[in-house]
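Peer 1: Just so it is clear, I am handing over coords-v6.cif, which has mmCIF, C-alpha atoms.
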data_work
loop_
_atom_site.label_atom_id
_atom_site.label_comp_id
_atom_site.auth_asym_id
_atom_site.auth_seq_id
_atom_site.Cartn_x
_atom_site.Cartn_y
_atom_site.Cartn_z
CA MET A 1 41.54 33.54 -21.45
CA LYS A 2 44.83 32.16 -22.66
CA ILE A 3 44.85 28.35 -22.67
CA LEU A 4 48.12 26.41 -22.85
CA PHE A 5 48.57 22.80 -23.98
CA PHE A 6 51.65 20.71 -23.24
CA ALA A 7 53.20 17.42 -24.27
CA HIS A 8 50.78 15.06 -26.06
CA LEU A 9 47.93 17.55 -25.62
CA ARG A 10 49.64 19.62 -28.30
CA ASP A 11 49.24 16.70 -30.66
CA ALA A 12 45.61 16.23 -29.57
CA THR A 13 44.68 19.87 -30.16
CA GLY A 14 47.16 20.72 -32.90
CA CYS A 15 48.32 23.83 -31.04
CA ALA A 16 50.35 24.97 -28.05
CA GLU A 17 48.18 27.91 -27.06
CA VAL A 18 44.76 29.40 -27.84
CA GLU A 19 43.02 32.60 -26.77
CA ARG A 20 39.27 32.25 -25.99
CA THR A 21 36.53 34.34 -24.38
CA PHE A 22 34.62 32.04 -22.01
CA GLY A 23 33.52 34.51 -19.30
CA VAL A 24 33.72 33.06 -15.79
CA VAL A 25 33.67 29.25 -15.77
CA ASP A 26 34.46 26.50 -13.30
CA ALA A 27 36.54 23.44 -14.21
CA ALA A 28 33.52 21.49 -15.51
CA GLY A 29 32.46 24.41 -17.67
CA LEU A 30 35.96 24.88 -19.00
CA TRP A 31 36.28 21.21 -19.92
CA GLN A 32 32.92 21.22 -21.65
CA LYS A 33 33.97 24.13 -23.88
CA LEU A 34 37.40 22.69 -24.59
CA ILE A 35 36.13 19.21 -25.42
CA SER A 36 33.44 20.57 -27.72
CA GLU A 37 36.20 22.36 -29.66
CA PHE A 38 38.90 19.64 -29.30
CA PRO A 39 37.13 16.27 -28.90
CA ALA A 40 40.50 14.51 -28.67
CA LEU A 41 40.97 16.06 -25.22
CA GLU A 42 38.15 13.95 -23.79
CA LYS A 43 40.25 10.85 -23.18
CA SER A 44 42.95 12.84 -21.33
CA ARG A 45 40.55 14.63 -19.02
CA ALA A 46 40.88 12.21 -16.09
CA SER A 47 44.67 12.50 -16.01
CA VAL A 48 45.05 16.22 -16.69
CA ARG A 49 45.42 18.77 -13.89
CA LEU A 50 44.47 22.40 -14.38
CA ALA A 51 46.70 25.33 -13.47
CA ARG A 52 45.67 28.98 -13.34
CA ASN A 53 48.34 31.66 -13.65
CA GLY A 54 51.10 29.15 -12.97
CA GLU A 55 49.59 27.33 -9.98
CA TYR A 56 47.58 24.15 -9.64
CA VAL A 57 43.98 24.95 -8.74
CA ASP A 58 41.66 23.53 -6.10
CA PRO A 59 38.57 21.63 -7.32
CA GLY A 60 36.24 24.61 -6.76
CA ALA A 61 38.32 27.11 -8.74
CA GLN A 62 36.80 29.61 -11.17
CA PHE A 63 38.52 30.75 -14.35
CA SER A 64 38.04 34.17 -15.95
CA ASP A 65 39.09 35.69 -19.25
CA ALA A 66 42.07 37.47 -17.65
CA ASP A 67 43.59 34.14 -16.59
CA GLU A 68 46.31 32.04 -18.15
CA VAL A 69 45.03 28.48 -17.88
CA ALA A 70 47.28 25.47 -18.46
CA LEU A 71 46.29 21.86 -19.06
CA ILE A 72 48.98 19.80 -17.32
CA PRO A 73 49.15 16.14 -18.39
CA PRO A 74 51.08 13.74 -16.13
CA VAL A 75 54.59 15.17 -15.80
CA SER A 76 57.77 13.23 -16.58
CA GLY A 77 60.71 15.47 -15.76
CA GLY A 78 64.01 14.45 -14.21
CA MET B 1 98.61 -12.62 19.86
CA LYS B 2 98.89 -9.14 18.44
CA ILE B 3 96.53 -6.72 20.18
CA LEU B 4 95.68 -3.35 18.60
CA PHE B 5 94.33 -0.27 20.38
CA PHE B 6 92.67 2.65 18.62
CA ALA B 7 91.52 6.18 19.38
CA HIS B 8 91.27 6.94 23.12
CA LEU B 9 92.27 3.38 24.00
CA ARG B 10 95.77 4.37 22.90
CA ASP B 11 95.75 7.03 25.59
CA ALA B 12 94.35 4.55 28.12
CA THR B 13 97.04 1.94 27.45
CA GLY B 14 99.88 4.19 26.35
CA CYS B 15 100.42 2.12 23.22
CA ALA B 16 98.98 1.31 19.81
CA GLU B 17 99.90 -2.36 19.72
CA VAL B 18 101.20 -5.09 22.03
CA GLU B 19 102.25 -8.71 21.48
CA ARG B 20 101.16 -11.19 24.20
CA THR B 21 101.00 -14.96 24.64
CA PHE B 22 97.60 -15.78 26.13
CA GLY B 23 96.97 -19.27 24.68
CA VAL B 24 93.35 -19.79 23.63
CA VAL B 25 90.94 -17.42 25.38
CA ASP B 26 87.35 -16.30 24.96
CA ALA B 27 86.29 -12.66 25.13
CA ALA B 28 85.87 -12.74 28.92
CA GLY B 29 89.31 -14.27 29.37
CA LEU B 30 90.88 -11.75 27.04
CA TRP B 31 89.32 -8.82 28.86
CA GLN B 32 90.43 -10.18 32.22
CA LYS B 33 94.05 -10.35 31.04
CA LEU B 34 93.95 -6.95 29.36
CA ILE B 35 92.31 -5.18 32.29
CA SER B 36 94.75 -6.67 34.76
CA GLU B 37 97.59 -5.21 32.68
CA PHE B 38 95.80 -1.96 31.67
CA PRO B 39 93.25 -1.12 34.39
CA ALA B 40 92.20 2.04 32.49
CA LEU B 41 90.52 -0.23 29.89
CA GLU B 42 87.88 -1.32 32.40
CA LYS B 43 85.60 1.67 31.92
CA SER B 44 85.64 1.29 28.11
CA ARG B 45 84.79 -2.40 28.17
CA ALA B 46 81.03 -2.00 27.70
CA SER B 47 81.40 0.20 24.60
CA VAL B 48 84.30 -1.62 22.93
CA ARG B 49 83.74 -4.27 20.25
CA LEU B 50 86.33 -6.94 19.53
CA ALA B 51 87.62 -7.80 16.07
CA ARG B 52 89.72 -10.82 15.15
CA ASN B 53 91.83 -10.71 12.01
CA GLY B 54 89.93 -7.70 10.72
CA GLU B 55 86.37 -8.84 11.40
CA TYR B 56 83.97 -8.24 14.26
CA VAL B 57 83.52 -11.43 16.31
CA ASP B 58 80.42 -13.18 17.58
CA PRO B 59 79.97 -13.37 21.38
CA GLY B 60 81.23 -16.96 21.59
CA ALA B 61 84.47 -16.33 19.69
CA GLN B 62 87.81 -17.77 20.80
CA PHE B 63 91.13 -15.98 20.34
CA SER B 64 94.47 -17.71 19.86
CA ASP B 65 98.07 -16.51 19.81
CA ALA B 66 98.13 -16.50 15.98
CA ASP B 67 95.33 -13.90 15.85
CA GLU B 68 95.42 -10.17 15.38
CA VAL B 69 92.90 -8.84 17.87
CA ALA B 70 91.63 -5.27 17.75
CA LEU B 71 89.75 -3.34 20.42
CA ILE B 72 87.31 -1.13 18.51
CA PRO B 73 85.88 1.76 20.52
CA PRO B 74 82.74 3.48 19.13
CA VAL B 75 83.62 4.63 15.65
CA SER B 76 83.25 8.21 14.39
CA GLY B 77 84.19 8.26 10.73
CA GLY B 78 82.58 10.28 7.97
CA MET C 1 78.40 -3.85 -8.54
CA LYS C 2 81.80 -2.37 -9.29
CA ILE C 3 83.36 -1.15 -6.04
CA GLU C 4 86.28 1.23 -5.59
CA ILE C 5 87.48 2.14 -2.11
CA GLN C 6 90.26 4.50 -1.13
CA ILE C 7 91.43 5.44 2.34
CA THR C 8 93.93 8.21 1.84
CA THR C 9 95.64 11.20 3.44
CA ASP C 10 95.21 13.16 0.19
CA ALA C 11 92.49 15.75 -0.31
CA ILE C 12 89.38 14.30 -1.95
CA ALA C 13 89.10 15.47 -5.56
CA GLU C 14 86.24 17.79 -6.35
CA ASN C 15 84.48 15.41 -8.67
CA ALA C 16 85.46 11.79 -8.33
CA GLN C 17 83.70 9.73 -10.98
CA ALA C 18 81.71 6.72 -9.89
CA GLY C 19 82.68 4.54 -12.86
CA VAL C 20 79.67 5.75 -14.74
CA GLN C 21 78.91 3.77 -17.88
CA HIS C 22 77.49 5.68 -20.77
CA GLY C 23 73.87 4.82 -21.49
CA GLU C 24 73.30 2.32 -18.71
CA VAL C 25 73.33 4.75 -15.78
CA GLY C 26 70.14 6.70 -15.08
CA ALA C 27 71.03 7.96 -11.60
CA TRP C 28 74.20 9.27 -10.07
CA ALA C 29 74.09 10.16 -6.39
CA GLU C 30 76.98 11.66 -4.50
CA PHE C 31 77.56 12.65 -0.91
CA ARG C 32 80.39 14.47 0.80
CA GLY C 33 80.78 14.83 4.54
CA LEU C 34 82.72 18.03 5.22
CA VAL C 35 84.55 19.11 8.37
CA ARG C 36 82.54 21.85 10.09
CA GLY C 37 84.09 24.81 11.87
CA GLU C 38 83.05 23.76 15.33
CA GLU C 39 83.16 20.63 17.45
CA ASP C 40 81.28 20.40 20.77
CA GLY C 41 80.55 24.13 20.53
CA GLN C 42 84.24 25.11 20.19
CA PRO C 43 85.72 26.63 17.01
CA ILE C 44 88.16 24.28 15.30
CA ALA C 45 90.42 24.45 12.27
CA ALA C 46 90.69 20.75 11.43
CA LEU C 47 89.92 17.23 12.56
CA GLU C 48 92.40 14.38 12.64
CA TYR C 49 91.08 10.98 11.56
CA GLU C 50 92.57 7.57 12.28
CA ALA C 51 91.63 4.22 10.72
CA TYR C 52 92.23 0.52 11.27
CA LEU C 53 93.11 0.33 7.63
CA PRO C 54 92.59 -3.20 6.29
CA MET C 55 89.51 -3.73 8.43
CA ALA C 56 88.01 -0.35 7.51
CA GLU C 57 88.26 -1.18 3.84
CA ARG C 58 86.95 -4.70 4.36
CA GLU C 59 83.98 -3.46 6.40
CA MET C 60 83.08 -0.90 3.74
CA ARG C 61 83.18 -3.61 1.09
CA ARG C 62 81.05 -5.91 3.23
CA ILE C 63 78.48 -3.18 3.90
CA LEU C 64 78.29 -2.26 0.21
CA GLY C 65 77.81 -5.91 -0.71
CA GLU C 66 75.00 -6.27 1.81
CA LEU C 67 73.26 -3.05 0.78
CA SER C 68 73.57 -3.63 -2.96
CA ALA C 69 71.57 -6.85 -2.61
CA ARG C 70 68.62 -4.71 -1.52
CA HIS C 71 69.44 -1.65 -3.64
CA PRO C 72 70.91 -2.83 -6.96
CA CYS C 73 73.49 -0.37 -8.22
CA LEU C 74 76.12 -0.45 -10.96
CA ALA C 75 79.11 1.16 -9.28
CA ALA C 76 80.15 2.73 -6.00
CA THR C 77 83.22 4.79 -5.20
CA ILE C 78 84.11 5.50 -1.58
CA ILE C 79 86.94 7.76 -0.51
CA HIS C 80 87.65 8.33 3.18
CA ARG C 81 90.33 10.79 4.06
CA ILE C 82 92.45 10.18 7.17
CA GLY C 83 95.05 12.28 8.95
CA VAL C 84 94.41 16.00 9.28
CA VAL C 85 91.36 17.28 7.38
CA PRO C 86 90.92 21.08 7.45
CA VAL C 87 87.53 22.73 7.97
CA GLY C 88 85.50 22.95 4.76
CA GLU C 89 87.20 19.92 3.19
CA ALA C 90 85.64 16.51 2.70
CA ALA C 91 86.42 13.66 5.08
CA ILE C 92 84.19 11.22 3.18
CA TYR C 93 82.98 10.94 -0.38
CA ILE C 94 80.53 8.40 -1.76
CA GLY C 95 79.42 8.31 -5.36
CA VAL C 96 76.92 5.73 -6.60
CA ALA C 97 75.76 5.01 -10.14
CA ALA C 98 72.58 3.03 -10.72
CA ARG C 99 69.92 2.45 -13.32
CA HIS C 100 67.27 4.03 -11.08
CA ARG C 101 67.37 6.81 -8.56
CA ALA C 102 65.72 5.08 -5.61
CA ALA C 103 68.48 2.47 -5.38
CA ALA C 104 71.28 5.03 -5.73
CA LEU C 105 69.85 7.38 -3.09
CA ALA C 106 69.04 4.56 -0.66
CA LEU C 107 72.52 3.07 -1.02
CA VAL C 108 74.17 6.41 -0.25
CA ALA C 109 71.99 7.12 2.79
CA GLU C 110 72.21 3.62 4.25
CA PHE C 111 75.93 3.35 3.61
CA MET C 112 76.53 6.54 5.58
CA ASP C 113 74.46 5.23 8.49
CA ARG C 114 76.40 1.96 8.51
CA LEU C 115 79.75 3.71 8.14
CA LYS C 116 79.05 5.63 11.31
CA GLN C 117 78.13 2.44 13.19
CA ASP C 118 80.60 -0.14 11.98
CA VAL C 119 83.61 1.10 10.05
CA PRO C 120 86.71 1.40 12.27
CA ILE C 121 87.58 5.04 11.60
CA TRP C 122 87.77 7.64 14.33
CA LYS C 123 87.87 11.39 14.73
CA ARG C 124 91.00 11.35 16.86
CA ARG C 125 91.20 15.00 17.86
CA ALA C 126 90.22 18.52 16.88
CA LEU C 127 92.97 20.97 15.95
CA THR C 128 92.88 24.71 16.63
CA ALA C 129 94.16 27.13 13.99
CA ALA C 130 97.52 27.33 15.79
CA GLU C 131 97.81 23.53 15.96
CA LEU C 132 96.91 23.20 12.29
CA LYS C 133 99.57 25.75 11.35
CA ALA C 134 102.16 23.91 13.42
CA ASN C 135 101.15 20.55 11.93
CA MET D 1 67.66 28.29 2.65
CA LYS D 2 69.40 29.83 -0.32
CA ILE D 3 67.75 28.54 -3.53
CA GLU D 4 69.08 28.68 -7.04
CA ILE D 5 67.04 27.26 -9.93
CA GLN D 6 67.95 27.08 -13.58
CA ILE D 7 65.94 25.62 -16.45
CA THR D 8 68.23 25.66 -19.43
CA THR D 9 68.97 24.12 -22.80
CA ASP D 10 72.70 24.10 -21.94
CA ALA D 11 74.53 20.99 -20.79
CA ILE D 12 74.69 20.71 -17.00
CA ALA D 13 78.19 21.45 -15.75
CA GLU D 14 80.06 18.54 -14.24
CA ASN D 15 80.26 20.00 -10.78
CA ALA D 16 77.78 22.74 -10.04
CA GLN D 17 78.44 24.15 -6.58
CA ALA D 18 75.56 24.30 -4.14
CA GLY D 19 76.56 27.64 -2.60
CA VAL D 20 78.61 25.82 0.00
CA GLN D 21 79.72 28.02 2.87
CA HIS D 22 83.09 27.26 4.34
CA GLY D 23 82.86 25.86 7.87
CA GLU D 24 79.10 25.81 8.23
CA VAL D 25 78.35 22.97 5.84
CA GLY D 26 78.80 19.42 7.11
CA ALA D 27 76.94 17.61 4.33
CA TRP D 28 76.80 18.07 0.62
CA ALA D 29 74.50 15.76 -1.32
CA GLU D 30 74.16 15.76 -5.08
CA PHE D 31 72.04 13.85 -7.53
CA ARG D 32 72.05 13.71 -11.31
CA GLY D 33 69.41 12.02 -13.42
CA LEU D 34 71.01 10.90 -16.67
CA VAL D 35 69.37 9.92 -19.94
CA ARG D 36 69.63 6.14 -20.38
CA GLY D 37 70.22 4.43 -23.71
CA GLU D 38 66.82 2.85 -23.93
CA GLU D 39 63.19 3.92 -23.53
CA ASP D 40 60.36 1.37 -23.43
CA GLY D 41 62.85 -1.32 -24.46
CA GLN D 42 63.98 0.53 -27.61
CA PRO D 43 67.50 1.94 -28.06
CA ILE D 44 67.49 5.74 -28.12
CA ALA D 45 70.10 8.44 -28.63
CA ALA D 46 68.45 11.33 -26.79
CA LEU D 47 65.31 12.55 -25.08
CA GLU D 48 63.63 15.86 -25.75
CA TYR D 49 62.24 17.68 -22.71
CA GLU D 50 59.64 20.43 -22.62
CA ALA D 51 58.69 22.69 -19.69
CA TYR D 52 55.97 25.14 -18.73
CA LEU D 53 58.75 27.48 -17.72
CA PRO D 54 57.52 29.99 -15.15
CA MET D 55 55.30 27.42 -13.44
CA ALA D 56 58.05 24.77 -13.41
CA GLU D 57 60.40 27.12 -11.62
CA ARG D 58 57.69 28.29 -9.23
CA GLU D 59 56.68 24.72 -8.38
CA MET D 60 60.29 23.75 -7.68
CA ARG D 61 60.66 26.74 -5.37
CA ARG D 62 57.41 25.88 -3.60
CA ILE D 63 58.43 22.24 -3.15
CA LEU D 64 61.85 23.23 -1.80
CA GLY D 65 60.25 25.65 0.63
CA GLU D 66 57.87 22.96 1.88
CA LEU D 67 60.58 20.31 2.22
CA SER D 68 63.13 22.57 3.88
CA ALA D 69 60.71 23.20 6.74
CA ARG D 70 61.02 19.50 7.59
CA HIS D 71 64.64 19.04 6.48
CA PRO D 72 66.56 22.23 7.32
CA CYS D 73 69.27 22.86 4.75
CA LEU D 74 71.52 25.81 3.95
CA ALA D 75 71.43 25.91 0.15
CA ALA D 76 69.94 24.07 -2.81
CA THR D 77 70.82 24.32 -6.48
CA ILE D 78 68.52 22.79 -9.08
CA ILE D 79 69.30 22.65 -12.77
CA HIS D 80 66.83 21.04 -15.18
CA ARG D 81 67.88 20.77 -18.76
CA ILE D 82 65.23 21.05 -21.49
CA GLY D 83 65.34 20.55 -25.25
CA VAL D 84 67.37 17.64 -26.59
CA VAL D 85 69.46 15.79 -23.97
CA PRO D 86 71.75 13.08 -25.39
CA VAL D 87 72.15 9.67 -23.74
CA GLY D 88 74.65 9.75 -20.87
CA GLU D 89 74.09 13.43 -20.11
CA ALA D 90 72.21 14.84 -17.14
CA ALA D 91 68.62 16.03 -17.48
CA ILE D 92 68.41 17.05 -13.81
CA TYR D 93 70.93 18.10 -11.18
CA ILE D 94 70.23 18.79 -7.54
CA GLY D 95 72.90 19.80 -5.06
CA VAL D 96 72.07 20.42 -1.40
CA ALA D 97 74.28 21.78 1.36
CA ALA D 98 73.28 21.29 4.99
CA ARG D 99 74.75 21.16 8.45
CA HIS D 100 73.82 17.49 8.82
CA ARG D 101 73.62 14.64 6.38
CA ALA D 102 70.13 13.35 7.15
CA ALA D 103 68.50 16.65 6.10
CA ALA D 104 70.57 16.94 2.91
CA LEU D 105 69.90 13.36 1.81
CA ALA D 106 66.19 13.52 2.65
CA LEU D 107 65.77 16.80 0.79
CA VAL D 108 67.39 15.37 -2.35
CA ALA D 109 65.32 12.18 -2.31
CA GLU D 110 62.00 13.86 -1.53
CA PHE D 111 62.58 16.66 -4.01
CA MET D 112 63.11 14.12 -6.78
CA ASP D 113 59.87 12.32 -5.85
CA ARG D 114 57.94 15.58 -5.88
CA LEU D 115 59.55 16.76 -9.11
CA LYS D 116 58.25 13.65 -10.82
CA GLN D 117 54.74 14.23 -9.49
CA ASP D 118 54.21 17.96 -9.70
CA VAL D 119 56.70 19.95 -11.76
CA PRO D 120 55.37 20.67 -15.29
CA ILE D 121 58.24 19.24 -17.30
CA TRP D 122 57.77 16.45 -19.83
CA LYS D 123 59.82 13.97 -21.79
CA ARG D 124 58.36 14.96 -25.11
CA ARG D 125 59.88 12.32 -27.37
CA ALA D 126 62.79 9.95 -27.79
CA LEU D 127 65.24 10.54 -30.63
CA THR D 128 67.06 7.82 -32.56
CA ALA D 129 70.71 8.29 -33.51
CA ALA D 130 69.65 9.45 -36.99
CA GLU D 131 67.17 11.94 -35.56
CA LEU D 132 69.74 13.28 -33.13
CA LYS D 133 72.24 13.76 -35.93
CA ALA D 134 69.67 15.60 -38.03
CA ASN D 135 68.63 17.76 -35.07
#
Take the structure in the file and write it out as structure tokens.
Peer 2:
Amino acid sequence: MKILFFAHLRDATGCAEVERTFGVVDAAGLWQKLISEFPALEKSRASVRLARNGEYVDPGAQFSDADEVALIPPVSGG
Amino acid sequence: MKILFFAHLRDATGCAEVERTFGVVDAAGLWQKLISEFPALEKSRASVRLARNGEYVDPGAQFSDADEVALIPPVSGG
Amino acid sequence: MKIEIQITTDAIAENAQAGVQHGEVGAWAEFRGLVRGEEDGQPIAALEYEAYLPMAEREMRRILGELSARHPCLAATIIHRIGVVPVGEAAIYIGVAARHRAAALALVAEFMDRLKQDVPIWKRRALTAAELKAN
Amino acid sequence: MKIEIQITTDAIAENAQAGVQHGEVGAWAEFRGLVRGEEDGQPIAALEYEAYLPMAEREMRRILGELSARHPCLAATIIHRIGVVPVGEAAIYIGVAARHRAAALALVAEFMDRLKQDVPIWKRRALTAAELKAN
């Protein structure tokens, strides 16, 4: 699974993108793995939306190792 | 009093502007005089607003011979 | 709010500037009303507009003053073309500069509504292609 | 609705055309969001924007599709600039052509609201004059 970080999450994790093998996980499982590796993500969790392959996901979504997953902090374009 | 006609009221009266001496009149008095001279104005009366010296008037307004009075049919700019 | 109003028989320039001040302006909203190729279901080549000039300008200024109290903006430019306006060209232009977008967009939309209710300007007649050529 | 979307590091042209079709278009609404000279009360010289590119474009297209069902328009052009955008220059441009003004103005206003909620683009940092010069 490719995992993308944007904006201040890049500062929190120290990287823009990581490749990980998590198997099939739901959002809670994904967060648990990410936070155990990057504890600084914990405080952003409530405000971050997850996208899978370029689309926001529904709450029940599953993520697999073939997916590109993005952590989307509150946007500020325009 | 200078009286201005616009849009289709110019067709109804055959002129863009007339000069008349009416003394001091209210809106009802003005309409009575205008309709007696230009009967074709009658059917536009309900949709026409009156302006005095370049501003729409309140219902109780009086008009005197020093005023420029305009008959404003429904506008269609833009 | 800085206000500039023109009522003119000239074509409206492609990109009239709304007195935008470097650094202060965060939002710049513009609207053009263009003459469409049909009127009441009939093909037309142009519309002819007529205005009660001093009152039209005064009304626009009054409306802008009223609206800017609710929607604070920095500058507004209005250009209304009168006389013959060919299809595809602009009869009205409004450009508004503001600190924030909500005020700029609201001022543009509400000004256009008020223009069409209160400003003494009229579509006087539609011209066919032959009438436009002869004009 | 014809849709054109660009996400680019280039400056946004002064007058991008919204695919306006002669005779059919009665309303042409445009909005530019410009970088202001201060951020959180501090003077700045530029903002740096970052985007999740394919998703940002896809989201904009999705939002436009959703909005145009309620506000029928003929064409929309969106340009979002990314990278360093100096004060006074546009970070976002939207131009919408429609038959009628209400649809064009509503599409512009609602698109901007949705952009600021859903499209993955971020103001990454503010640059001072010295930082902009060194950039």
Peer 1: With a distance cut-off of 7 Å and all atoms listed in the file, select the neighbouring residues of Ile92 (chain C), excluding the residue or stretch itself and same-chain residues fewer than 5 positions from it, and output the selection as a list in words.
Peer 2: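 These residues fall inside the cut-off: Gly78 of chain B; Arg32, Gly33, Ile79, His80 and Arg81 of chain C.
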Peer 1: Hey, which bits of region 22-102 of chain D sit within 10 Å of region 56-71 of chain A, and for each residue what's the closest pair of atoms and how far apart in Å (one decimal), counting only C-alpha atoms, rows by chain and increasing number, as JSON lines?
Peer 2:
{"residue": "D:Tyr52", "atom": "CA", "partner": "A:Ala70", "partner_atom": "CA", "distance": 8.7}
{"residue": "D:Met55", "atom": "CA", "partner": "A:Tyr56", "partner_atom": "CA", "distance": 9.2}
{"residue": "D:Glu59", "atom": "CA", "partner": "A:Tyr56", "partner_atom": "CA", "distance": 9.2}
Peer 1: Restricting it to C-alpha atoms, dump the selection as a PDB file, in the coordinates of the input.
Peer 2:
ATOM      1  CA  TYR D  52      55.970  25.140 -18.730  1.00  0.00           C
ATOM      2  CA  MET D  55      55.300  27.420 -13.440  1.00  0.00           C
ATOM      3  CA  GLU D  59      56.680  24.720  -8.380  1.00  0.00           C
TER       4      GLU D  59
END
Peer 1: Work out how far CA of Arg99 (chain D) is from CA of Met60 (chain D), in Å to one decimal.
Peer 2: 21.8 Å
Peer 1: Can you work out the spacing between CA of Val96 (chain C) and CA of Ile78 (chain C) in Å, to one decimal?
Peer 2: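 Taking CA of Val96 (chain C) as the start and CA of Ile78 (chain C) as the end point, the length is 8.8 Å.
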Peer 1: Report, in Å to a single decimal, how far apart CA of Pro72 (chain C) and CA of Val85 (chain D) are.
Peer 2: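 We find that CA of Val85 (chain D) and CA of Pro72 (chain C) lie 25.3 Å from each other.
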Peer 1: With a distance cut-off of 10 Å and only C-alpha atoms, select the neighbouring residues of Ala129 (chain C), excluding the residue or stretch itself and same-chain residues fewer than 6 positions from it, and output the selection as a list in words.
Peer 2: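 Returned residues: Pro43, Ile44, Ala45, Ala46, Pro86, Val87 and Asn135 of chain C.
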Peer 1: Got time to write the residues from that selection, C-alpha atoms, as a short mmCIF file (atom, residue, chain, number, x, y, z; two decimals), in the frame of the given file?
Peer 2:
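selection18.cif, freshly written:
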data_model
loop_
_atom_site.label_atom_id
_atom_site.label_comp_id
_atom_site.auth_asym_id
_atom_site.auth_seq_id
_atom_site.Cartn_x
_atom_site.Cartn_y
_atom_site.Cartn_z
CA PRO C 43 85.72 26.63 17.01
CA ILE C 44 88.16 24.28 15.30
CA ALA C 45 90.42 24.45 12.27
CA ALA C 46 90.69 20.75 11.43
CA PRO C 86 90.92 21.08 7.45
CA VAL C 87 87.53 22.73 7.97
CA ASN C 135 101.15 20.55 11.93
#
Peer 1: Compute the set of chain D residues within 6 Å of chain C, using all atoms listed in the file, and express it as a list of chain:residue names.
Peer 2: D:His22, D:Gly23, D:Glu24, D:Gly26, D:Ala27, D:Trp28, D:Ala29, D:Glu30, D:Phe31, D:Arg32, D:Gly33, D:Leu34, D:Val35, D:Arg36, D:Gly37, D:Val87, D:Gly88
